[in-house]
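Dropping coords.txt in here (compact mmCIF, C-alpha atoms):
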```txt
# COMPACT_ATOMS: atom_id res chain seq x y z
CA MET A 1 112.87 69.57 66.41
CA ASN A 2 113.82 68.18 69.74
CA GLN A 3 111.02 69.00 72.16
CA LYS A 4 112.50 67.53 75.29
CA PRO A 5 112.59 70.28 77.91
CA HIS A 6 115.99 71.35 79.13
CA GLU A 7 116.43 71.26 82.91
CA ASP A 8 116.36 75.07 82.84
CA HIS A 9 112.74 74.84 81.74
CA ILE A 10 112.03 75.28 85.46
CA TYR A 11 112.42 79.00 84.85
CA ILE A 12 109.65 78.95 82.28
CA GLU A 13 107.46 77.03 84.67
CA ALA A 14 108.30 79.50 87.39
CA LEU A 15 107.06 82.31 85.16
CA LEU A 16 103.80 80.45 84.59
CA LYS A 17 103.37 79.75 88.28
CA ASN A 18 104.66 83.13 89.44
CA ASP A 19 107.07 81.30 91.70
CA SER A 20 109.14 84.08 93.19
CA ARG A 21 111.64 81.75 94.84
CA ILE A 22 112.80 80.35 91.52
CA LEU A 23 112.34 83.62 89.68
CA SER A 24 114.69 85.29 92.12
CA LYS A 25 117.36 82.87 90.94
CA ILE A 26 117.07 84.35 87.47
CA TYR A 27 117.95 87.71 88.98
CA GLU A 28 120.73 86.28 91.11
CA LYS A 29 122.35 84.16 88.46
CA TYR A 30 121.78 85.81 85.13
CA SER A 31 121.00 89.47 85.57
CA TYR A 32 124.45 90.84 86.37
CA LYS A 33 125.72 89.98 82.90
CA ILE A 34 122.83 91.84 81.36
CA VAL A 35 123.31 94.83 83.65
CA ALA A 36 126.98 94.92 82.67
CA MET A 37 126.13 94.72 78.97
CA VAL A 38 123.52 97.51 79.19
CA LYS A 39 125.79 99.74 81.27
CA LYS A 40 128.63 99.32 78.82
CA ASN A 41 126.32 100.36 76.04
CA ASN A 42 124.81 103.69 76.98
CA GLY A 43 122.36 102.40 79.55
CA ASN A 44 121.92 102.33 83.30
CA ALA A 45 120.67 99.90 85.92
CA ASP A 46 117.05 101.01 85.44
CA ASP A 47 117.24 100.31 81.72
CA ALA A 48 118.63 96.88 82.47
CA GLN A 49 115.82 96.19 84.92
CA ASP A 50 113.22 97.13 82.31
CA ILE A 51 114.86 95.04 79.62
CA ILE A 52 115.04 92.02 81.90
CA GLN A 53 111.43 92.35 83.00
CA GLU A 54 110.08 92.88 79.48
CA THR A 55 112.00 89.88 78.22
CA LEU A 56 110.66 87.69 80.99
CA VAL A 57 107.10 88.84 80.32
CA THR A 58 107.53 88.01 76.63
CA ILE A 59 108.72 84.52 77.48
CA TYR A 60 105.74 84.19 79.79
CA HIS A 61 103.35 85.20 77.00
CA GLN A 62 104.89 82.69 74.67
CA ALA A 63 104.73 79.96 77.29
CA ILE A 64 101.13 80.59 78.25
CA GLU A 65 99.82 80.98 74.72
CA LYS A 66 102.01 78.62 72.73
CA GLY A 67 103.22 76.21 75.38
CA PHE A 68 106.80 77.26 74.72
CA ILE A 69 109.33 74.63 75.76
CA LEU A 70 112.91 75.58 76.50
CA THR A 71 115.20 72.97 74.99
CA CYS A 72 118.52 74.75 75.57
CA PRO A 73 120.25 76.33 78.57
CA PHE A 74 118.49 79.44 79.81
CA ASP A 75 121.64 81.51 80.26
CA ALA A 76 122.64 82.30 76.69
CA TYR A 77 119.05 82.25 75.43
CA PHE A 78 118.03 84.89 77.94
CA TYR A 79 121.17 86.96 77.50
CA LEU A 80 120.79 87.10 73.75
CA LEU A 81 117.13 88.07 73.95
CA CYS A 82 117.94 90.87 76.37
CA LYS A 83 120.83 92.02 74.25
CA ARG A 84 118.77 92.22 71.09
CA LYS A 85 116.01 93.99 72.94
CA TRP A 86 118.49 96.54 74.21
CA LEU A 87 119.83 97.05 70.69
CA ASN A 88 116.31 97.78 69.51
CA GLU A 89 115.78 100.18 72.38
CA LEU A 90 118.98 102.02 71.49
CA LYS A 91 117.82 102.28 67.89
CA LYS A 92 114.51 103.69 69.07
CA ARG A 93 116.37 106.28 71.11
CA GLY A 94 118.08 107.41 67.94
CA ASN A 95 121.46 105.94 68.55
CA LYS A 96 123.01 105.46 65.18
CA LYS A 97 125.98 103.41 66.21
CA VAL A 98 124.46 100.31 67.66
CA THR A 99 126.65 97.31 67.48
CA ILE A 100 127.48 95.61 70.71
CA LEU A 101 130.79 93.99 70.07
CA GLU A 102 131.74 92.40 73.33
CA ASP A 103 130.26 88.96 73.54
CA ILE A 104 131.29 86.25 75.90
CA THR A 105 128.51 83.88 75.07
CA SER A 106 128.88 81.36 72.34
CA ILE A 107 125.58 80.42 70.82
CA SER A 108 124.53 77.06 69.51
CA GLU A 109 122.29 76.71 66.50
CA GLU A 110 119.50 75.48 68.72
CA GLN A 111 119.75 78.44 71.06
CA LYS A 112 119.69 80.79 68.13
CA GLN A 113 116.58 79.10 66.85
CA GLN A 114 114.81 79.44 70.18
CA VAL A 115 115.80 83.07 70.43
CA GLU A 116 114.40 83.74 66.99
CA GLU A 117 111.21 81.88 67.78
CA THR A 118 110.67 84.04 70.85
CA GLU A 119 111.46 87.21 68.96
CA LEU A 120 109.09 86.34 66.18
CA PHE A 121 106.41 85.62 68.74
CA GLU A 122 107.02 88.96 70.39
CA GLN A 123 106.82 90.91 67.15
CA GLN A 124 103.54 89.27 66.29
CA HIS A 125 102.22 89.84 69.79
CA GLN A 126 103.10 93.52 69.66
CA LEU A 127 101.59 93.92 66.22
CA PHE A 128 98.33 92.34 67.36
CA GLU A 129 98.23 94.58 70.42
CA SER A 130 98.79 97.75 68.47
CA LYS A 131 96.21 96.84 65.82
CA PHE A 132 93.69 95.96 68.52
CA LYS A 133 94.01 99.51 69.80
CA GLU A 134 93.16 100.84 66.36
CA LEU A 135 89.70 99.25 66.57
CA GLY A 136 86.71 101.35 67.61
CA ILE A 137 86.05 101.43 71.32
CA LYS A 138 82.84 99.39 70.91
CA CYS A 139 84.70 96.59 69.18
CA GLN A 140 87.45 96.63 71.76
CA GLU A 141 84.94 96.30 74.58
CA LEU A 142 82.99 93.56 72.91
CA LEU A 143 86.08 91.51 72.13
CA LYS A 144 87.51 92.00 75.57
CA ALA A 145 84.24 90.87 77.12
CA SER A 146 83.90 87.88 74.84
CA PHE A 147 87.41 86.61 75.56
CA LYS A 148 87.18 87.24 79.25
CA ILE A 149 83.73 85.82 79.81
CA LYS A 150 84.02 83.10 77.20
CA SER A 151 80.33 82.18 77.03
CA MET A 152 78.74 84.36 74.35
CA GLU A 153 75.35 84.04 76.03
CA LYS A 154 76.74 85.76 79.09
CA VAL A 155 78.55 88.34 76.98
CA ALA A 156 75.27 89.24 75.30
CA GLU A 157 73.61 89.53 78.66
CA PHE A 158 76.46 91.64 79.97
CA LEU A 159 76.30 94.01 77.01
CA GLY A 160 72.50 94.04 76.94
CA VAL A 161 72.21 92.76 73.38
CA SER A 162 70.80 89.58 71.85
CA TYR A 163 72.96 86.48 71.58
CA GLY A 164 72.76 86.46 67.79
CA TYR A 165 73.76 90.08 67.58
CA ALA A 166 76.70 89.61 69.96
CA ARG A 167 78.02 86.70 67.92
CA LYS A 168 77.65 88.54 64.67
CA LYS A 169 79.30 91.62 66.12
CA LYS A 170 82.20 89.59 67.46
CA SER A 171 83.02 88.08 64.12
CA GLN A 172 82.68 91.47 62.45
CA CYS A 173 85.11 93.05 64.89
CA MET A 174 87.49 90.15 64.50
CA GLY A 175 87.18 90.55 60.75
CA GLN A 176 88.12 94.21 60.99
CA LEU A 177 91.11 93.31 63.10
CA THR A 178 92.12 90.59 60.65
CA LYS A 179 92.13 93.13 57.85
CA LEU A 180 94.12 95.66 59.87
CA VAL A 181 96.76 93.05 60.52
CA LYS A 182 96.73 91.72 56.99
CA ASN A 183 97.26 95.15 55.46
CA SER A 184 99.97 96.31 57.83
CA THR A 185 103.53 96.57 56.56
CA GLU A 186 104.77 94.98 59.78
CA PHE A 187 102.84 91.83 59.02
CA GLN A 188 104.23 91.63 55.51
CA GLN A 189 107.71 91.80 57.03
CA LEU A 190 106.89 89.17 59.61
CA LYS A 191 105.74 86.86 56.87
CA GLU A 192 108.98 87.16 54.99
CA TYR A 193 110.96 86.46 58.08
CA MET B 1 79.84 89.14 51.57
CA GLU B 2 82.97 89.65 53.58
CA ASP B 3 81.16 89.51 56.90
CA GLU B 4 79.94 86.02 56.00
CA ARG B 5 83.52 84.92 55.77
CA TYR B 6 84.29 85.98 59.32
CA ILE B 7 81.10 84.44 60.64
CA THR B 8 82.22 81.19 59.04
CA PHE B 9 85.65 81.52 60.68
CA GLU B 10 83.99 82.13 64.03
CA ASN B 11 81.66 79.19 63.62
CA TYR B 12 84.48 76.94 62.57
CA LEU B 13 86.57 77.88 65.60
CA THR B 14 83.66 77.36 67.97
CA ASN B 15 82.62 74.09 66.32
CA LYS B 16 79.32 75.47 65.13
CA LEU B 17 79.48 74.43 61.50
CA SER B 18 77.18 71.70 60.23
CA ASN B 19 78.78 68.78 58.43
CA GLU B 20 77.89 70.24 55.10
CA GLU B 21 79.26 73.68 55.97
CA LEU B 22 82.40 72.06 57.31
CA LYS B 23 82.95 70.30 54.03
CA LEU B 24 82.53 73.54 52.12
CA PHE B 25 84.90 75.29 54.52
CA GLU B 26 87.60 72.71 54.02
CA GLU B 27 87.27 72.87 50.29
CA LYS B 28 87.56 76.61 50.33
CA ILE B 29 90.69 76.49 52.49
CA GLN B 30 92.27 74.30 49.83
CA SER B 31 91.24 76.33 46.83
CA ASP B 32 91.12 79.96 47.94
CA VAL B 33 94.51 81.35 48.97
CA ASP B 34 93.18 84.59 50.35
CA PHE B 35 90.51 82.76 52.34
CA LYS B 36 93.17 80.55 53.88
CA TYR B 37 95.45 83.47 54.54
CA GLU B 38 92.78 85.47 56.35
CA PHE B 39 91.68 82.45 58.30
CA GLU B 40 95.20 81.97 59.57
CA ILE B 41 95.38 85.55 60.77
CA TYR B 42 91.91 85.28 62.31
CA LYS B 43 92.92 82.13 64.14
CA ALA B 44 96.19 83.61 65.40
CA LEU B 45 94.38 86.72 66.61
CA ASN B 46 91.80 84.59 68.33
CA SER B 47 94.42 82.62 70.19
CA SER B 48 96.42 85.71 71.08
CA LEU B 49 93.47 87.71 72.40
CA ALA B 50 92.04 84.75 74.26
CA SER B 51 95.35 84.24 76.02
CA LYS B 52 95.79 87.92 76.72
CA PHE B 53 92.40 88.59 78.21
CA SER B 54 91.89 85.40 80.12
CA ASN B 55 95.30 85.75 81.79
CA GLU B 56 95.30 89.48 82.45
CA GLU B 57 95.23 89.18 86.23
CA LYS B 58 97.94 86.53 86.26
CA GLU B 59 100.12 88.75 84.14
CA GLN B 60 99.68 91.65 86.52
CA GLU B 61 100.65 89.44 89.44
CA LEU B 62 103.75 88.24 87.62
CA LYS B 63 104.78 91.79 86.79
CA LYS B 64 104.46 92.72 90.45
CA THR B 65 106.73 89.85 91.44
CA LEU B 66 109.28 90.77 88.78
CA THR B 67 109.28 94.43 89.73
CA SER B 68 109.93 93.65 93.35
CA LEU B 69 112.65 91.13 92.49
CA GLY B 70 114.23 93.63 90.15
CA ASN B 71 114.17 96.34 92.80
CA LYS B 72 115.70 93.99 95.30
CA HIS B 73 118.49 92.71 93.11
CA LEU B 74 119.25 95.51 90.70
CA LYS B 75 118.44 98.84 92.29
CA LYS B 76 121.42 100.69 93.61
CA GLU B 77 121.99 104.04 95.14
CA THR B 78 124.05 106.25 92.93
CA LYS B 79 127.65 106.18 93.86
CA VAL B 80 129.14 109.54 94.72
CA ILE B 81 132.79 109.88 93.97
CA SER B 82 134.24 112.15 96.56
CA LEU B 83 136.87 114.67 95.72
CA PHE B 84 138.08 115.25 99.22
CA ASN B 85 141.37 113.57 98.67
CA TYR B 86 142.23 115.62 95.69
CA LYS B 87 145.65 116.80 96.88
CA LYS B 88 146.68 113.37 98.03
CA LEU B 89 145.62 112.04 94.69
CA MET B 90 147.71 114.56 92.84
CA VAL B 91 150.72 113.48 94.87
CA ALA B 92 149.96 109.83 94.25
CA ALA B 93 149.49 110.48 90.57
CA SER B 94 152.78 112.25 90.24
CA ILE B 95 154.55 109.48 92.07
CA ALA B 96 152.93 107.02 89.74
CA LEU B 97 154.14 109.10 86.87
CA LEU B 98 157.66 109.11 88.22
CA ILE B 99 157.60 105.38 88.69
CA GLY B 100 156.35 105.15 85.19
CA PHE B 101 159.47 106.87 83.92
CA PHE B 102 161.68 104.35 85.58
CA LEU B 103 159.94 101.35 84.17
CA PHE B 104 161.37 100.12 80.98
CA LYS B 105 159.40 100.85 77.97
CA ASN B 106 160.08 97.88 75.79
CA GLY B 107 158.53 94.44 76.08
CA ASP B 108 154.96 93.59 76.94
CA PRO B 109 154.01 93.65 80.59
CA VAL B 110 153.65 90.31 82.30
CA TYR B 111 150.87 89.17 84.57
CA SER B 112 153.21 88.02 87.32
CA ASP B 113 154.67 91.53 87.65
CA PHE B 114 151.29 92.76 88.76
CA SER B 115 149.70 89.84 90.51
CA ASN B 116 150.67 90.61 94.07
CA HIS B 117 147.47 89.66 95.82
CA HIS B 118 146.52 91.03 99.17
CA LYS B 119 146.70 88.42 101.86
CA LEU B 120 143.44 86.67 102.48
CA GLU B 121 142.32 87.60 105.97
CA LEU B 122 138.81 86.62 106.73
CA VAL B 123 139.30 86.61 110.50
CA VAL B 124 137.24 89.74 110.88
CA ARG B 125 134.25 87.47 110.83
CA SER B 126 133.04 86.56 114.28
CA GLU B 127 132.88 82.83 113.87
CA ASN B 128 136.22 81.22 113.87
CA ASN B 129 135.67 78.26 111.70
CA GLN B 130 138.07 75.80 110.22
CA ALA B 131 137.19 76.43 106.63
CA ILE B 132 138.16 80.07 107.08
CA SER B 133 141.62 79.37 108.43
CA LYS B 134 142.19 76.62 105.90
CA ALA B 135 141.17 78.90 103.06
CA GLU B 136 143.48 81.62 104.33
CA ALA B 137 146.42 79.29 104.78
CA ALA B 138 145.99 77.75 101.36
CA PHE B 139 145.52 81.06 99.59
CA ASN B 140 148.40 82.79 101.30
CA SER B 141 150.73 79.96 100.43
CA LYS B 142 149.55 80.16 96.82
CA ASN B 143 147.83 76.83 96.95
CA TYR B 144 144.94 78.03 94.82
CA ASN B 145 143.29 74.71 94.10
CA GLU B 146 142.84 74.01 97.75
CA ALA B 147 141.92 77.58 98.57
CA LEU B 148 139.21 77.48 95.94
CA GLU B 149 137.72 74.37 97.48
CA HIS B 150 137.48 75.98 100.91
CA LEU B 151 136.19 79.22 99.48
CA ASN B 152 133.48 77.30 97.68
CA THR B 153 132.40 75.82 100.98
CA LEU B 154 132.52 79.23 102.61
CA SER B 155 130.48 80.87 99.90
CA GLN B 156 127.69 78.45 100.64
CA ILE B 157 127.63 79.68 104.23
CA TYR B 158 128.23 83.36 103.57
CA LEU B 159 125.92 83.63 100.62
CA ASN B 160 126.39 87.20 99.52
CA ASP B 161 129.92 87.76 100.71
CA THR B 162 131.70 89.77 98.06
CA GLU B 163 135.12 89.28 99.56
CA ILE B 164 134.89 85.51 99.42
CA LEU B 165 133.58 85.81 95.90
CA LEU B 166 136.48 88.03 94.87
CA TYR B 167 139.04 85.63 96.24
CA LYS B 168 137.31 82.79 94.48
CA GLY B 169 137.77 84.81 91.33
CA ILE B 170 141.45 85.30 92.06
CA CYS B 171 141.93 81.57 92.59
CA LEU B 172 140.17 80.85 89.31
CA LEU B 173 142.35 83.41 87.60
CA GLU B 174 145.48 81.84 89.04
CA LEU B 175 144.22 78.49 87.79
CA ASN B 176 143.61 79.98 84.35
CA ASN B 177 139.84 79.54 84.46
CA PHE B 178 139.45 82.91 82.82
CA PHE B 179 135.82 82.62 81.83
CA GLU B 180 134.57 81.84 85.32
CA ALA B 181 136.97 84.27 86.91
CA GLU B 182 135.85 87.13 84.72
CA ALA B 183 132.20 86.32 85.31
CA ILE B 184 132.88 86.82 89.01
CA PHE B 185 134.81 90.05 88.49
CA ASP B 186 132.07 91.38 86.25
CA LYS B 187 129.47 90.54 88.81
CA ILE B 188 131.32 92.37 91.56
CA SER B 189 132.25 95.35 89.43
CA THR B 190 128.63 96.01 88.52
CA GLY B 191 127.60 95.80 92.14
CA ASN B 192 127.96 98.40 94.85
CA SER B 193 130.35 96.85 97.30
CA ALA B 194 133.65 98.31 98.39
CA LEU B 195 135.38 95.85 96.09
CA VAL B 196 134.15 97.25 92.78
CA ASN B 197 137.51 98.68 91.74
CA GLN B 198 139.47 95.69 92.90
CA ALA B 199 137.24 93.56 90.74
CA ILE B 200 137.84 95.81 87.73
CA TRP B 201 141.56 95.61 88.39
CA TYR B 202 141.44 91.84 88.47
CA LYS B 203 139.39 91.72 85.29
CA ALA B 204 142.20 93.70 83.69
CA LEU B 205 144.77 91.30 85.11
CA SER B 206 142.86 88.37 83.70
CA LEU B 207 142.94 89.96 80.26
CA LEU B 208 146.62 90.71 80.71
CA LYS B 209 147.33 87.11 81.56
CA GLN B 210 145.59 86.12 78.34
CA LYS B 211 147.66 88.74 76.48
CA LYS B 212 144.52 90.57 75.44
CA TYR B 213 146.29 93.88 75.75
CA LEU B 214 143.78 96.06 74.04
CA GLU B 215 140.86 94.88 76.10
CA CYS B 216 143.00 95.06 79.18
CA LYS B 217 143.76 98.69 78.45
CA LYS B 218 140.10 99.51 78.02
CA VAL B 219 139.22 97.96 81.35
CA LEU B 220 142.05 99.73 83.14
CA GLU B 221 140.85 103.05 81.85
CA THR B 222 137.58 102.59 83.71
CA ILE B 223 139.27 102.58 87.11
CA PRO B 224 138.56 105.95 88.69
CA LYS B 225 141.32 108.14 90.01
CA SER B 226 139.96 107.87 93.50
CA ALA B 227 140.51 104.13 93.59
CA GLU B 228 143.28 102.44 95.48
CA GLU B 229 144.02 100.49 92.32
CA PHE B 230 144.48 103.58 90.22
CA LYS B 231 148.21 103.76 90.81
CA GLN B 232 148.82 100.20 89.71
CA ALA B 233 146.47 100.67 86.80
CA LYS B 234 148.38 103.69 85.63
CA LYS B 235 151.62 101.81 85.95
CA LEU B 236 150.33 98.96 83.86
CA LEU B 237 148.77 101.29 81.32
CA ARG B 238 152.11 102.91 80.66
CA LYS B 239 153.55 99.56 79.73
CA LEU B 240 150.77 98.58 77.42
```
Can the structure from this file be put into structure tokens for me?
Amino acid sequence: MNQKPHEDHIYIEALLKNDSRILSKIYEKYSYKIVAMVKKNNGNADDAQDIIQETLVTIYHQAIEKGFILTCPFDAYFYLLCKRKWLNELKKRGNKKVTILEDITSISEEQKQQVEETELFEQQHQLFESKFKELGIKCQELLKASFKIKSMEKVAEFLGVSYGYARKKKSQCMGQLTKLVKNSTEFQQLKEY
Amino acid sequence: MEDERYITFENYLTNKLSNEELKLFEEKIQSDVDFKYEFEIYKALNSSLASKFSNEEKEQELKKTLTSLGNKHLKKETKVISLFNYKKLMVAASIALLIGFFLFKNGDPVYSDFSNHHKLELVVRSENNQAISKAEAAFNSKNYNEALEHLNTLSQIYLNDTEILLYKGICLLELNNFFEAEAIFDKISTGNSALVNQAIWYKALSLLKQKKYLECKKVLETIPKSAEEFKQAKKLLRKL
């Protein structure tokens, strides 16, 4: 796959750098279309704002963890992500009839691929988050500390346990989490995707 | 023991395996499907959690920025449609109805029957600059290419001027750049300026010009009774 960043990759960089000057351009240039789409489909301006923000945060997660590179124009990529997110939201709210017909954006194969990549990332991210919360509180704390502090020596010190014990505990907790993910139906579906 | 497996994963990821252990690990990855499968999940979790927790503060900061940008650009006060002109409206509506009767019923309506644009008068602005008068002259003499050029210049000076934007849209519509024109009308009609209904009306006209009658009808139906454009909309609707 072509990994040359598109010039619109500046928006991804702006997310990473929290550059509000460039980020405001996203709102100026691209948000009105999304607001119009949400409003036409049982939503209001607040819904649109949430959808836009959540989508941007997802892209940020993907960029910071996976080094996501945007290789297509931002416009249609972003619009389609927001649209699909809104469809999901409508489904969650129990709306049976959820097909958004109106569509002014034509999508290239590459854009579609990037959209799907981001969506897949998001589904995995959400699954991991929800399974993490199913862990016992002790495990959650230990993992949080070990990823935040990084040095296991310091983690052990922080938790008041021995280094060996902290390490063993960490891999046990991670093992539990691995099994939770492995046995979840969501993960089976993700795999097939 | 299962726990052993995860300790091995952890040691592998933190480069703590001896050469011998490493060799065993690599062999197992090749031969044991479940081992490999779990390792992949373990690794993905590791990367996800590491990213999440080491960037928590950054993420909060970003969310703050996005919330404030969203509030600035997307939050609107709710529009209240006043009913004070109810009687006037009834009169207007009945006149519209009457006119409707006199219009012939056969044949599809044509864009040019409805495209009587208001004159462009930007003089209300304090500065009297050349681009303004040039834009007005060009637009009012139906020289849309030239008008568009001047309006483009003007929109760089008056950044958020909805009127200039609307007239840009009209020029684009006249020049059959429907996609760009409609993007402008959509932008205005989802905003909260005084030009919301005009923008909806022009969106409808754009669809009419493209002979997309059904879509045109749908758009027209969203123009509220209280709008100045309602009368025209009604007239056009009758013909569709």
Item to check | Contacts of Gln111 (chain A) within 8 Å, only C-alpha atoms, excl. fewer than 6 positions in-chain, as a list in words | outcome: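 My list of contacting residues is Cys72, Pro73, Ala76 and Tyr77 of chain A.
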Checklist entry - Could you list, as JSON, numbers by chain, every residue of chain A that has an atom within 6 Å of an atom of chain B, counting all atoms listed in the file? => result {"A": [18, 32, 65, 147, 148, 171, 175, 178]}
Next on the checklist: Rounded to one decimal, what separation in Å do you get between CA of Leu151 (chain B) and CA of Leu122 (chain B)?
Outcome noted: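 CA of Leu122 (chain B) lies 10.7 Å from CA of Leu151 (chain B).
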Report as a PDB file with C-alpha atoms, in the coordinates of the input all protein, DNA and RNA residues lying within 12 Å of Glu180 (chain B), evaluated on only C-alpha atoms, omitting residues in the same chain fewer than 3 positions from it.
```pdb
ATOM      1  CA  ILE A 104     131.290  86.250  75.900  1.00  0.00           C
TER       2      ILE A 104
ATOM      3  CA  LEU B 165     133.580  85.810  95.900  1.00  0.00           C
ATOM      4  CA  LEU B 166     136.480  88.030  94.870  1.00  0.00           C
ATOM      5  CA  LYS B 168     137.310  82.790  94.480  1.00  0.00           C
ATOM      6  CA  GLY B 169     137.770  84.810  91.330  1.00  0.00           C
ATOM      7  CA  ILE B 170     141.450  85.300  92.060  1.00  0.00           C
ATOM      8  CA  CYS B 171     141.930  81.570  92.590  1.00  0.00           C
ATOM      9  CA  LEU B 172     140.170  80.850  89.310  1.00  0.00           C
ATOM     10  CA  LEU B 173     142.350  83.410  87.600  1.00  0.00           C
ATOM     11  CA  GLU B 174     145.480  81.840  89.040  1.00  0.00           C
ATOM     12  CA  LEU B 175     144.220  78.490  87.790  1.00  0.00           C
ATOM     13  CA  ASN B 176     143.610  79.980  84.350  1.00  0.00           C
ATOM     14  CA  ASN B 177     139.840  79.540  84.460  1.00  0.00           C
ATOM     15  CA  ALA B 183     132.200  86.320  85.310  1.00  0.00           C
ATOM     16  CA  ILE B 184     132.880  86.820  89.010  1.00  0.00           C
ATOM     17  CA  PHE B 185     134.810  90.050  88.490  1.00  0.00           C
ATOM     18  CA  ASP B 186     132.070  91.380  86.250  1.00  0.00           C
ATOM     19  CA  LYS B 187     129.470  90.540  88.810  1.00  0.00           C
ATOM     20  CA  LYS B 203     139.390  91.720  85.290  1.00  0.00           C
ATOM     21  CA  SER B 206     142.860  88.370  83.700  1.00  0.00           C
TER      22      SER B 206
END
```
Next on the checklist: Restricting the calculation to all atoms listed in the file: of A:Leu127, A:Ile26, A:Cys173, A:Leu159, which residue gets closest to Thr55 (chain A)?
Outcome noted: A:Ile26
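The coordinates place CA of Leu13 (chain B) at 18.4 Å from CA of Asp32 (chain B).
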Is it possible to get the axis-aligned box enclosing region 206-225 of chain B (all listed atoms, 4 Å extra per side) as lines of an AutoDock Vina configuration file, with centre and edge lengths in Å rounded to one decimal?
```
center_x = 142.6
center_y = 97.1
center_z = 82.0
size_x = 18.1
size_y = 30.0
size_z = 24.0
```
Item to check | Atom-to-atom span, CA of Asn192 (chain B) and CA of Arg93 (chain A), Å | outcome: 27.6 Å
Checklist entry - Contacts of Leu177 (chain A) at 9 Å or less, counting all atoms listed in the file, minus same-chain residues fewer than 2 places along, as a list in words? => result Phe128, Lys131, Phe132, Glu134, Leu135, Gln172, Cys173, Met174, Gly175, Lys179, Leu180, Val181 and Lys182 of chain A; Tyr42 and Leu45 of chain B
Please produce an output containing C-alpha atoms for each residue in the selection, written as a PDB file, in the frame of the given file.
```pdb
ATOM      1  CA  PHE A 128      98.330  92.340  67.360  1.00  0.00           C
ATOM      2  CA  LYS A 131      96.210  96.840  65.820  1.00  0.00           C
ATOM      3  CA  PHE A 132      93.690  95.960  68.520  1.00  0.00           C
ATOM      4  CA  GLU A 134      93.160 100.840  66.360  1.00  0.00           C
ATOM      5  CA  LEU A 135      89.700  99.250  66.570  1.00  0.00           C
ATOM      6  CA  GLN A 172      82.680  91.470  62.450  1.00  0.00           C
ATOM      7  CA  CYS A 173      85.110  93.050  64.890  1.00  0.00           C
ATOM      8  CA  MET A 174      87.490  90.150  64.500  1.00  0.00           C
ATOM      9  CA  GLY A 175      87.180  90.550  60.750  1.00  0.00           C
ATOM     10  CA  LYS A 179      92.130  93.130  57.850  1.00  0.00           C
ATOM     11  CA  LEU A 180      94.120  95.660  59.870  1.00  0.00           C
ATOM     12  CA  VAL A 181      96.760  93.050  60.520  1.00  0.00           C
ATOM     13  CA  LYS A 182      96.730  91.720  56.990  1.00  0.00           C
TER      14      LYS A 182
ATOM     15  CA  TYR B  42      91.910  85.280  62.310  1.00  0.00           C
ATOM     16  CA  LEU B  45      94.380  86.720  66.610  1.00  0.00           C
TER      17      LEU B  45
END
```
Non-local contacts of Glu229 (chain B) (8 Å; all atoms listed in the file; under 6 positions in same chain excluded) as a PDB file with C-alpha atoms, keeping the file's coordinate frame:
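Here's the written file part-v3.pdb:
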```
ATOM      1  CA  ASN B 197     137.510  98.680  91.740  1.00  0.00           C
ATOM      2  CA  GLN B 198     139.470  95.690  92.900  1.00  0.00           C
ATOM      3  CA  TRP B 201     141.560  95.610  88.390  1.00  0.00           C
ATOM      4  CA  ILE B 223     139.270 102.580  87.110  1.00  0.00           C
TER       5      ILE B 223
END
```
Next on the checklist: Considering only C-alpha atoms, can you say which of B:Tyr144, B:Phe35, B:Phe114, B:Phe25 comes closest to Lys234 (chain B)?
Outcome noted: B:Phe114
Fewer than 5 positions away in the same chain doesn't count, so skip those; otherwise give me all residues within 9 Å of Gln124 (chain A), counting only C-alpha atoms, as a compact mmCIF listing (two decimals) with C-alpha atoms, in the coordinates of the input.
```txt
# COMPACT_ATOMS: atom_id res chain seq x y z
CA GLU A 119 111.46 87.21 68.96
CA GLU A 129 98.23 94.58 70.42
CA GLU A 186 104.77 94.98 59.78
CA PHE A 187 102.84 91.83 59.02
CA LEU A 190 106.89 89.17 59.61
```
